[in-house]
Structure formats: C-alpha cells, structure tokens
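Coordinates from protein.cif are shown below (mmCIF, C-alpha atoms).
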```cif
data_start
loop_
_atom_site.label_atom_id
_atom_site.label_comp_id
_atom_site.auth_asym_id
_atom_site.auth_seq_id
_atom_site.Cartn_x
_atom_site.Cartn_y
_atom_site.Cartn_z
CA MET H 22 0.00 0.00 0.00
CA GLN H 23 1.06 3.53 -0.60
CA ASP H 24 2.90 5.17 2.33
CA THR H 25 1.34 8.64 2.36
CA ASN H 26 4.51 10.07 3.89
CA ALA H 27 6.57 8.96 0.93
CA VAL H 28 7.58 11.44 -1.71
CA GLN H 29 5.97 10.45 -4.95
CA LYS H 30 6.50 11.85 -8.40
CA ILE H 31 3.86 11.54 -11.05
CA ALA H 32 3.87 12.47 -14.71
CA ILE H 33 0.89 13.33 -16.86
CA ASP H 34 1.88 13.06 -20.51
CA PRO H 35 0.18 13.82 -22.81
CA ILE H 36 -1.92 16.69 -21.51
CA THR H 37 -4.89 16.46 -23.88
CA ARG H 38 -7.39 19.03 -25.15
CA ILE H 39 -4.64 21.55 -25.87
CA GLU H 40 -2.62 22.41 -28.93
CA GLY H 41 0.88 20.99 -28.78
CA HIS H 42 2.69 18.53 -26.60
CA LEU H 43 2.80 19.22 -22.87
CA ARG H 44 4.11 17.10 -20.00
CA ILE H 45 3.28 17.92 -16.38
CA GLU H 46 5.21 16.36 -13.49
CA ALA H 47 4.30 16.80 -9.85
CA GLN H 48 6.04 15.90 -6.61
CA ILE H 49 3.57 14.74 -4.00
CA GLU H 50 4.24 14.53 -0.25
CA ASN H 51 1.59 13.60 2.28
CA GLY H 52 -1.06 13.89 -0.39
CA LYS H 53 -0.05 17.45 -1.32
CA VAL H 54 1.72 18.74 -4.39
CA THR H 55 5.00 20.22 -3.16
CA ASP H 56 6.67 20.86 -6.48
CA ALA H 57 5.67 20.77 -10.12
CA TRP H 58 7.24 21.02 -13.56
CA SER H 59 5.86 21.67 -17.01
CA ALA H 60 7.69 20.84 -20.20
CA GLY H 61 6.97 21.44 -23.86
CA MET H 62 7.85 18.19 -25.58
CA MET H 63 8.20 19.29 -29.18
CA PHE H 64 10.64 21.55 -31.03
CA ARG H 65 10.88 22.47 -34.73
CA GLY H 66 13.23 25.49 -34.88
CA ILE H 67 11.17 27.87 -37.03
CA GLU H 68 13.36 30.82 -35.96
CA LEU H 69 16.35 28.99 -37.45
CA ILE H 70 14.39 28.01 -40.55
CA VAL H 71 13.14 31.49 -41.37
CA ALA H 72 16.56 33.18 -41.01
CA GLY H 73 18.12 34.28 -44.28
CA ARG H 74 14.97 33.95 -46.39
CA ASP H 75 13.11 36.57 -48.44
CA PRO H 76 11.49 38.80 -45.77
CA ARG H 77 8.22 38.86 -47.71
CA ASP H 78 7.90 35.13 -46.99
CA ALA H 79 8.30 35.51 -43.23
CA TRP H 80 4.57 35.67 -42.51
CA VAL H 81 3.88 32.40 -44.33
CA PHE H 82 6.47 30.57 -42.18
CA THR H 83 5.65 32.14 -38.83
CA GLN H 84 1.93 31.63 -39.26
CA ARG H 85 2.60 27.89 -39.29
CA ILE H 86 3.84 28.05 -35.72
CA CYS H 87 0.22 27.46 -34.81
CA GLY H 88 -2.75 26.31 -36.88
CA VAL H 89 -5.45 27.02 -34.29
CA MET A 26 -14.50 -3.59 -40.23
CA THR A 27 -15.41 -4.89 -36.85
CA LYS A 28 -16.13 -1.93 -34.58
CA ARG A 29 -19.61 -2.58 -33.31
CA ASP A 30 -22.19 0.05 -34.13
CA GLY A 31 -24.23 1.11 -31.08
CA PRO A 32 -27.92 0.38 -30.79
CA SER A 33 -28.77 3.48 -32.85
CA SER A 34 -28.40 3.66 -36.60
CA LEU A 35 -26.40 6.32 -38.38
CA GLU A 36 -29.62 8.22 -39.08
CA GLU A 37 -30.50 8.25 -35.38
CA ARG A 38 -26.98 9.33 -34.44
CA LEU A 39 -27.09 12.11 -37.04
CA ALA A 40 -30.44 13.28 -35.66
CA GLN A 41 -28.89 13.45 -32.20
CA ARG A 42 -26.31 15.82 -33.62
CA GLY A 43 -29.00 17.94 -35.27
CA LEU A 44 -28.24 16.67 -38.75
CA SER A 45 -31.10 15.90 -41.09
CA ARG A 46 -31.38 13.25 -43.77
CA ARG A 47 -31.05 16.11 -46.25
CA ASP A 48 -27.66 17.02 -44.70
CA PHE A 49 -26.61 13.42 -44.98
CA LEU A 50 -27.61 13.17 -48.64
CA LYS A 51 -25.80 16.46 -49.35
CA PHE A 52 -22.71 14.91 -47.78
CA ALA A 53 -23.09 11.77 -49.90
CA GLY A 54 -23.45 13.94 -53.00
CA LEU A 55 -20.40 16.00 -52.07
CA MET A 56 -18.34 12.85 -51.56
CA THR A 57 -19.49 11.37 -54.88
CA ALA A 58 -18.57 14.57 -56.73
CA THR A 59 -15.21 14.93 -54.97
CA LEU A 60 -14.31 11.37 -55.89
CA ALA A 61 -15.09 12.27 -59.53
CA LEU A 62 -17.70 9.52 -59.67
CA PRO A 63 -20.83 9.85 -61.80
CA ALA A 64 -23.80 11.24 -59.86
CA THR A 65 -25.53 7.86 -60.14
CA TYR A 66 -23.12 6.57 -57.49
CA THR A 67 -24.58 8.85 -54.82
CA SER A 68 -27.13 6.31 -53.62
CA ARG A 69 -24.48 3.61 -53.38
CA VAL A 70 -22.25 5.93 -51.37
CA ALA A 71 -25.17 6.91 -49.12
CA LYS A 72 -26.12 3.27 -48.52
CA ALA A 73 -22.55 2.33 -47.64
CA LEU A 74 -22.25 5.18 -45.15
CA LEU A 75 -25.56 4.16 -43.55
CA THR A 76 -24.72 0.49 -43.20
CA ALA A 77 -20.95 0.24 -42.69
CA THR A 78 -19.75 -0.55 -39.21
CA ARG A 79 -17.63 2.27 -37.87
CA PRO A 80 -13.93 1.71 -38.45
CA PRO A 81 -11.73 2.58 -35.47
CA VAL A 82 -9.49 5.55 -36.17
CA VAL A 83 -6.56 6.86 -34.15
CA TRP A 84 -5.19 10.32 -34.91
CA LEU A 85 -1.52 10.83 -34.09
CA ALA A 86 0.05 14.28 -33.96
CA PHE A 87 3.80 14.82 -33.94
CA GLN A 88 5.66 18.01 -34.98
CA ASP A 89 2.44 19.67 -35.91
CA CYS A 90 0.73 23.02 -35.59
CA THR A 91 -2.68 21.32 -35.27
CA GLY A 92 -3.68 22.92 -38.57
CA ASP A 93 -4.79 19.61 -40.04
CA SER A 94 -7.00 18.95 -37.00
CA GLU A 95 -8.43 22.44 -37.49
CA SER A 96 -9.11 21.66 -41.14
CA PHE A 97 -10.86 18.50 -39.95
CA LEU A 98 -13.07 20.58 -37.65
CA ARG A 99 -13.71 23.42 -40.07
CA ALA A 100 -16.81 22.11 -41.78
CA ASN A 101 -20.34 23.25 -41.12
CA ASN A 102 -22.50 23.04 -44.17
CA PRO A 103 -22.95 20.17 -44.57
CA ASN A 104 -21.27 19.45 -41.28
CA VAL A 105 -18.67 17.14 -42.73
CA THR A 106 -16.92 16.85 -39.38
CA SER A 107 -20.02 15.72 -37.54
CA LEU A 108 -20.83 13.34 -40.35
CA LEU A 109 -17.31 12.01 -40.33
CA LEU A 110 -17.40 11.56 -36.57
CA GLU A 111 -20.50 9.42 -36.99
CA THR A 112 -19.10 7.22 -39.73
CA ILE A 113 -15.80 6.51 -37.98
CA SER A 114 -15.00 5.77 -34.34
CA LEU A 115 -12.37 8.36 -33.45
CA ASP A 116 -10.77 6.52 -30.55
CA TYR A 117 -7.74 8.73 -30.03
CA HIS A 118 -7.13 12.40 -30.75
CA GLU A 119 -5.06 14.38 -28.26
CA THR A 120 -6.72 17.72 -29.03
CA LEU A 121 -10.28 16.42 -28.70
CA MET A 122 -10.38 13.46 -26.33
CA ALA A 123 -11.61 13.62 -22.75
CA PRO A 124 -9.05 11.33 -21.07
CA VAL A 125 -5.55 12.59 -20.27
CA GLY A 126 -2.14 11.08 -19.57
CA ALA A 127 -2.21 7.37 -18.76
CA MET A 128 -5.92 7.17 -19.52
CA SER A 129 -5.53 8.65 -23.01
CA GLU A 130 -2.66 6.26 -23.60
CA LYS A 131 -4.97 3.41 -22.66
CA SER A 132 -7.45 4.54 -25.33
CA LEU A 133 -4.74 4.42 -27.95
CA MET A 134 -3.32 1.06 -26.94
CA ASP A 135 -6.76 -0.54 -26.54
CA THR A 136 -7.46 0.19 -30.20
CA VAL A 137 -3.99 -0.85 -31.36
CA ASN A 138 -4.13 -4.10 -29.38
CA ASN A 139 -7.79 -5.01 -29.86
CA TYR A 140 -8.11 -4.18 -33.57
CA PRO A 141 -4.76 -5.11 -35.14
CA GLY A 142 -4.82 -4.54 -38.88
CA GLN A 143 -8.31 -3.06 -38.63
CA TYR A 144 -7.88 0.52 -37.45
CA ILE A 145 -6.98 3.50 -39.58
CA ALA A 146 -4.06 5.61 -38.38
CA ILE A 147 -4.19 9.29 -39.33
CA VAL A 148 -0.90 11.14 -38.84
CA GLU A 149 -0.47 14.91 -38.61
CA GLY A 150 2.91 16.60 -38.25
CA SER A 151 6.46 15.51 -39.06
CA ILE A 152 8.65 13.00 -37.22
CA PRO A 153 12.06 14.23 -35.97
CA THR A 154 15.01 11.86 -36.19
CA ALA A 155 17.98 13.98 -35.03
CA ASN A 156 19.37 13.36 -31.55
CA GLY A 157 17.58 10.05 -31.19
CA GLY A 158 14.22 11.57 -32.08
CA ILE A 159 14.10 13.51 -28.83
CA HIS A 160 12.57 16.66 -30.37
CA CYS A 161 9.07 15.25 -30.15
CA THR A 162 8.02 12.89 -27.39
CA ILE A 163 4.63 11.84 -26.09
CA ASN A 164 4.25 9.71 -22.98
CA GLY A 165 8.03 9.59 -22.78
CA GLN A 166 8.27 7.90 -26.19
CA THR A 167 9.70 9.40 -29.34
CA ALA A 168 7.35 10.27 -32.18
CA LEU A 169 9.36 7.85 -34.30
CA SER A 170 8.75 4.88 -32.01
CA ARG A 171 5.05 5.69 -31.72
CA ALA A 172 4.68 6.01 -35.48
CA GLN A 173 6.51 2.73 -35.99
CA LEU A 174 4.26 0.89 -33.54
CA VAL A 175 0.89 2.37 -34.46
CA CYS A 176 1.27 2.69 -38.24
CA SER A 177 2.84 -0.75 -38.74
CA ASN A 178 -0.19 -2.41 -37.18
CA ALA A 179 -2.84 -0.32 -38.92
CA LEU A 180 -5.12 -1.31 -41.78
CA ALA A 181 -3.90 1.87 -43.46
CA THR A 182 -2.14 5.09 -42.56
CA ILE A 183 -3.34 8.41 -43.90
CA ALA A 184 -0.72 11.17 -43.65
CA VAL A 185 -2.66 14.43 -43.52
CA GLY A 186 -0.89 17.67 -44.33
CA SER A 187 2.47 18.42 -45.81
CA CYS A 188 4.41 17.81 -42.59
CA ALA A 189 3.30 14.18 -42.40
CA TRP A 190 4.04 13.80 -46.11
CA ASP A 191 7.53 15.18 -46.58
CA GLY A 192 8.50 16.76 -43.25
CA GLY A 193 6.82 20.07 -44.06
CA ILE A 194 7.99 23.27 -42.41
CA ALA A 195 10.16 21.52 -39.81
CA ALA A 196 12.08 19.91 -42.67
CA ALA A 197 12.66 23.21 -44.46
CA VAL A 198 16.32 24.21 -44.72
CA PRO A 199 18.21 23.76 -42.39
CA ASN A 200 15.89 21.10 -40.88
CA PRO A 201 17.25 21.49 -37.34
CA THR A 202 15.53 18.36 -35.99
CA GLY A 203 16.02 15.93 -38.86
CA ALA A 204 12.27 16.01 -39.54
CA LEU A 205 10.81 13.46 -41.94
CA GLY A 206 7.38 12.60 -43.27
CA VAL A 207 5.77 9.25 -42.52
CA LYS A 208 6.86 7.76 -45.86
CA ASP A 209 10.51 8.30 -45.00
CA ALA A 210 10.43 7.82 -41.22
CA VAL A 211 8.48 4.55 -41.38
CA PRO A 212 9.08 3.08 -44.85
CA GLY A 213 7.34 -0.08 -45.97
CA LEU A 214 3.95 0.47 -44.33
CA PRO A 215 1.19 -1.89 -45.53
CA LYS A 216 -0.81 1.01 -46.99
CA LEU A 217 0.06 4.69 -46.87
CA ILE A 218 -2.08 7.41 -48.38
CA ASN A 219 -0.68 10.94 -48.52
CA LEU A 220 -2.84 14.06 -48.47
CA PRO A 221 -0.35 16.93 -48.78
CA GLY A 222 -1.42 20.52 -48.36
CA CYS A 223 -0.82 23.05 -45.66
CA PRO A 224 -3.24 22.08 -44.30
CA HIS A 225 -4.86 19.15 -46.13
CA ASN A 226 -8.48 19.68 -47.13
CA VAL A 227 -10.99 17.83 -44.91
CA ILE A 228 -13.21 17.19 -47.93
CA ASN A 229 -10.45 15.04 -49.40
CA LEU A 230 -9.94 13.12 -46.16
CA ALA A 231 -13.66 12.48 -45.90
CA ALA A 232 -13.71 11.32 -49.53
CA VAL A 233 -10.84 8.87 -48.96
CA ILE A 234 -12.67 7.30 -46.03
CA THR A 235 -16.00 7.33 -47.88
CA HIS A 236 -14.40 5.58 -50.85
CA TYR A 237 -13.14 2.84 -48.57
CA LEU A 238 -16.47 2.39 -46.83
CA THR A 239 -18.30 2.27 -50.19
CA PHE A 240 -15.99 0.08 -52.25
CA ARG A 241 -13.87 -1.69 -49.58
CA GLN A 242 -10.90 -0.35 -51.53
CA TRP A 243 -8.80 2.75 -51.14
CA PRO A 244 -9.08 5.30 -53.96
CA PRO A 245 -6.47 5.13 -56.74
CA THR A 246 -3.26 6.93 -55.89
CA ASP A 247 -0.30 8.18 -57.88
CA SER A 248 3.36 7.20 -57.45
CA GLN A 249 3.55 9.52 -54.43
CA GLY A 250 0.62 7.85 -52.70
CA ARG A 251 -1.66 10.83 -53.34
CA PRO A 252 -5.28 10.09 -54.36
CA THR A 253 -5.66 11.02 -58.01
CA PHE A 254 -9.16 12.45 -57.44
CA ALA A 255 -7.55 15.27 -55.43
CA TYR A 256 -4.02 15.53 -56.80
CA GLY A 257 -4.49 14.62 -60.45
CA GLU A 258 -4.65 18.14 -61.85
CA ASP A 259 -2.65 21.31 -61.41
CA VAL A 260 -4.47 24.07 -59.53
CA HIS A 261 -4.01 26.10 -62.72
CA GLU A 262 -6.13 23.73 -64.83
CA GLU A 263 -9.35 24.43 -62.92
CA CYS A 264 -8.54 28.00 -61.95
CA PRO A 265 -11.36 30.42 -62.82
CA ARG A 266 -8.70 33.02 -63.71
CA LYS A 267 -7.07 30.82 -66.36
CA ASP A 268 -8.66 32.85 -69.17
CA HIS A 269 -6.90 35.93 -67.83
CA PHE A 270 -3.60 34.01 -67.82
CA GLU A 271 -4.07 32.99 -71.42
CA ALA A 272 -5.07 36.50 -72.48
CA GLY A 273 -2.09 38.01 -70.68
CA ARG A 274 -4.17 39.94 -68.15
CA PHE A 275 -1.88 39.95 -65.11
CA VAL A 276 -1.93 41.71 -61.77
CA LEU A 277 1.27 43.74 -61.56
CA ALA A 278 0.86 45.28 -58.12
CA TRP A 279 -1.41 44.57 -55.18
CA GLY A 280 -4.52 46.71 -55.42
CA ASP A 281 -4.01 47.76 -59.03
CA ALA A 282 -6.89 47.83 -61.51
CA GLY A 283 -6.19 44.27 -62.63
CA HIS A 284 -6.21 43.00 -59.07
CA ARG A 285 -9.54 44.69 -58.46
CA GLN A 286 -10.93 42.99 -61.57
CA GLY A 287 -9.71 39.55 -60.53
CA TRP A 288 -6.95 39.08 -63.09
CA CYS A 289 -4.32 36.36 -63.06
CA MET A 290 -1.73 36.59 -60.29
CA CYS A 291 1.01 34.61 -62.01
CA LYS A 292 3.36 37.60 -61.92
CA MET A 293 2.66 38.03 -58.22
CA GLY A 294 4.06 34.58 -57.50
CA CYS A 295 1.07 32.27 -57.93
CA LYS A 296 2.32 28.68 -58.02
CA GLY A 297 -0.95 27.23 -59.38
CA PRO A 298 0.69 26.12 -62.64
CA GLU A 299 3.11 23.91 -60.71
CA THR A 300 0.96 22.49 -57.92
CA LYS A 301 -1.38 19.55 -57.95
CA HIS A 302 -4.45 20.02 -55.72
CA ASN A 303 -8.22 20.39 -56.11
CA CYS A 304 -8.63 23.71 -54.29
CA PRO A 305 -10.44 25.51 -57.15
CA THR A 306 -13.21 22.90 -57.12
CA VAL A 307 -13.67 21.82 -53.49
CA LYS A 308 -12.40 25.09 -52.02
CA TRP A 309 -12.09 25.70 -48.26
CA ASN A 310 -14.40 26.35 -45.31
CA ASP A 311 -17.44 24.54 -46.71
CA GLY A 312 -16.62 25.49 -50.27
CA THR A 313 -16.58 29.18 -49.37
CA CYS A 314 -13.36 30.39 -50.88
CA TRP A 315 -9.79 29.57 -51.74
CA PRO A 316 -6.63 31.72 -51.86
CA VAL A 317 -6.87 32.83 -55.50
CA GLN A 318 -10.56 33.67 -55.13
CA ALA A 319 -9.61 35.79 -52.13
CA GLY A 320 -7.06 37.66 -54.21
CA HIS A 321 -3.73 36.04 -53.29
CA GLY A 322 -1.71 33.62 -55.37
CA CYS A 323 -1.40 29.94 -54.59
CA VAL A 324 1.78 29.32 -52.57
CA GLY A 325 1.98 25.74 -53.82
CA CYS A 326 1.43 24.22 -50.38
CA ALA A 327 0.66 20.74 -51.73
CA HIS A 328 3.87 20.61 -53.74
CA GLU A 329 6.70 18.42 -52.49
CA LYS A 330 9.08 20.36 -50.21
CA PHE A 331 7.10 23.50 -50.99
CA TRP A 332 8.74 25.57 -48.23
CA ASP A 333 12.02 25.42 -50.16
CA GLN A 334 10.85 24.74 -53.72
CA MET A 335 7.88 27.11 -53.97
CA SER A 336 9.56 29.99 -52.12
CA PRO A 337 10.19 32.86 -52.49
CA PHE A 338 6.40 32.86 -52.59
CA TYR A 339 6.30 36.17 -54.45
CA ALA A 340 8.81 35.17 -57.12
CA SER A 341 6.88 34.10 -60.19
CA VAL A 342 6.98 31.02 -62.34
CA ASP A 343 7.07 31.33 -66.14
CA CYS A 344 3.90 33.23 -67.04
CA SER A 345 4.13 32.79 -70.80
CA ASP A 346 1.49 30.43 -72.16
#
```

The structure given in the file should be rewritten as structure tokens.
Amino acid sequence: MQDTNAVQKIAIDPITRIEGHLRIEAQIENGKVTDAWSAGMMFRGIELIVAGRDPRDAWVFTQRICGV
Amino acid sequence: MTKRDGPSSLEERLAQRGLSRRDFLKFAGLMTATLALPATYTSRVAKALLTATRPPVVWLAFQDCTGDSESFLRANNPNVTSLLLETISLDYHETLMAPVGAMSEKSLMDTVNNYPGQYIAIVEGSIPTANGGIHCTINGQTALSRAQLVCSNALATIAVGSCAWDGGIAAAVPNPTGALGVKDAVPGLPKLINLPGCPHNVINLAAVITHYLTFRQWPPTDSQGRPTFAYGEDVHEECPRKDHFEAGRFVLAWGDAGHRQGWCMCKMGCKGPETKHNCPTVKWNDGTCWPVQAGHGCVGCAHEKFWDQMSPFYASVDCSD
C-alpha cells in the first residue's frame, strides 16, 4: 500500500485538449503537491528556418507556428 | 470492419447531432462529386455510409501546428466533421479526447491491441530523427517509435498535411531536428495514403474514407501515394482566372486595376501552374473560398518540399502560355 509520507512523483503526458505537446510532473508529499514542472515536448526550430529567407515570406512561415 | 455500431443507426446518431437526412444526402453527394464519380453513385455511397460498421481511427500528432485537425473541424454546411465523426469511431485524438495522460494512452493502446490490422491511423505533423528523435516525445516515447508501432499495425495510414508527407515546415532548410514525413520515417507500411497541403483539405480526407467504406478499396493513388481524385490536376487547370492568364491579363501590383478585376496573379508569385491540388473545385471552409478567389496567389502548399521549392512565394513562375 502507498505510504502517504513517501515522496511520490507523477507524470501526466500527454496533456490532452490543448494544442501541442505538454508534460506535467508533480512531486507529491503527504497527499499534497509540493513541487511541479511543465515541459513542452516538441521543437521544430522555425526561428532557425526562417533566417536568411526573403522577408516577404516571413509571414507564411511564422503563421505555421500554430494552426489554431 | 469490426467496430460494433451502437444500438442506434447512423440516421439516429445524425439526428442526435441535429443533422437531417437532407444534410446526410448532401454529404453523400459532395463525396461522390469529390471522388469524380458519376452522380448515379450517390445512392451507393449513401447506402454504404448508412450500413458500414464504424472503423476505429486513431489520430496521431507529432511536430504539428494542429492545422490539419483544425481543417478536420472546419466544416459546417454540410457538417462534414459531424458526419465524419458518426461514420468513424475516433478513438484517439489528443486535441479532442476527454481522457488525459495514462488514460488517453490506454485509449490508444486498446485500439492498437484489440483491432490489429483493422484501425486506420491518421498522422499529422512531421517526425524528428535527429538526436535520437528527442525533439518530439509523447508519454516519454519518441514520435518515431510511436509512429513505428501504431502505423505498422494499422489497416492503413493516412498522412494528412504536408508535414506528415515530406516533413513540411520543420524539414525546411536547415531542418534542425532531422524532420521526416511518414513515408521516410516509417518506410514499408502496408498502406500509406498521402494528403499533402498546408493544411490538407478535410473534404479530401472524408472522400478517402468514404471511398473505402463504399468500395472496400482505397481510392487510386499516384506514385507519391496521393489520391488522383484530389491531386491529379494542377491548380491552374481548374482556376477560374485561367482565361486571364491565357489572355495576358496579369496583376502587376497589389490593389491595381487588374487586381480589383480579378486578373491572373502569375506575376505576383502564384504557383498554381506547378501544384497539384483540387482547391479551385472543393475550395475551403465549406466550399466558401480559396486563396486565388480571395485575391492572393497559390503558394503551392501541396507541392513536395514546398517551403524550399515554392519559395520565395512572391517570385513568379514562367507566365508565358
């Protein structure tokens, strides 16, 4: 059985009903959340991709950061 | 397919969603026309949609912007999305599903394990391969490993959008994450259908699924795995402004007299002559409009590697006839 005094770490991944990939971790002591972390789990590098291109194209690239 | 239909028929389920039989028949007619079938096939399509058991579908998203999911949802008249959601059983979709974390993972694995070779996998977004694939993980697993597992055991995989086809924007020079489309990240899949476009058009996705439910066969595809009903013709061929192109009536500056009269935008960078897609006929947002109709040239978003090959977007192709 779970010792409620133990420090427990849980991860919720994927967080659903959002755009993108999010991971939430929480540290739980005595049934309370004592620390928490959030992490974005996806990277594309659009800033690197758009550098050096025709500036008139910039909007087409940056708009694709998010399709919502 | 084996997914059990509930006690209610498709008509009853449609009624629960506020969709009439007229809406349903409009949908069947739209699908028949999109598939370039004679109108006499409409009743066969309608009957198949009414009687087919709902195939399980899992929707995977990797290095995406969710634009293809938005395209999927952007249908109201007829409500293609609602109709689609009644003809398939969408068992997994991270943007839409109620469960989270371990519970959402269970939904995915229940379908993969209980319906091997029977579910359809839809993939949105590219798959990174640099640095061990670490640039996209879900549930602590790389996109690559998830794609390998889920797509290899599917009846068919449908890659929606340019990212899932050829790596899309993430794969544009310099491709920092080693992004690949499904065809290159997971080669040798039993059946892969590609619907490029940025985003893909939901009408085409619905038509692919409808074709399968009607004929128990996937629609004919070209050497790139693209259905010929949607990618058989250049945008230019069906463009309403083609007469202007042929007569040499070109827009030369945004807002000029020619632009106001709807002339050809070849000299403004339109890539219609080099891009295969059915945008002029099915259009976007319930057949409301498409880029050229709105007054901007086609950027060639369904073309292979369009981010590098169709850019600069305002540099023009050869506009001589």

**Study point:** Residue IDs satisfying the PyMOL selection byres ((chain H and resi 81) around 10), as number ranges by chain
**Key:** H: 71, 77-80, 82-86; A: 324, 332, 336, 338

**Study point:** Neighbours of chain A in chain H at 9 Å, counting all atoms listed in the file, as an MDAnalysis selection string
**Key:** chainID H and resid 32:44 62:67 69:71 74:75 77:78 81:82 85:89

Review point. Expressed in Å to a single decimal, how great is the separation between CA of Leu85 (chain A) and CA of Ala172 (chain A)?
Key: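 Computing it gives 8.0 Å between the two atoms.
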
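Of the residues listed (A:Lys330, A:Arg46, A:Lys51, A:His225), A:Lys330 shows the shortest atom-to-atom separation from Gly192 (chain A); distances use all atoms listed in the file.
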
Practice item. List every protein, DNA or RNA residue that has at least one atom no more than 12 Å from (-11.8, 34.6, -60.9) in the file's coordinates, counting all atoms listed in the file, and write the result as an MDAnalysis selection string. Key: chainID A and resid 261 263:270 274 283:290 305 314:322

Point to revise | the PyMOL selection byres ((chain H and resi 29) around 6) applied to the shown file, residues as a PyMOL selection string | key: chain H and resi 28+30+48-49

Point to revise | Separation of CA of Ala255 (chain A) from CA of Glu149 (chain A), in Å and rounded to one decimal | key: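 It comes out at 18.3 Å.
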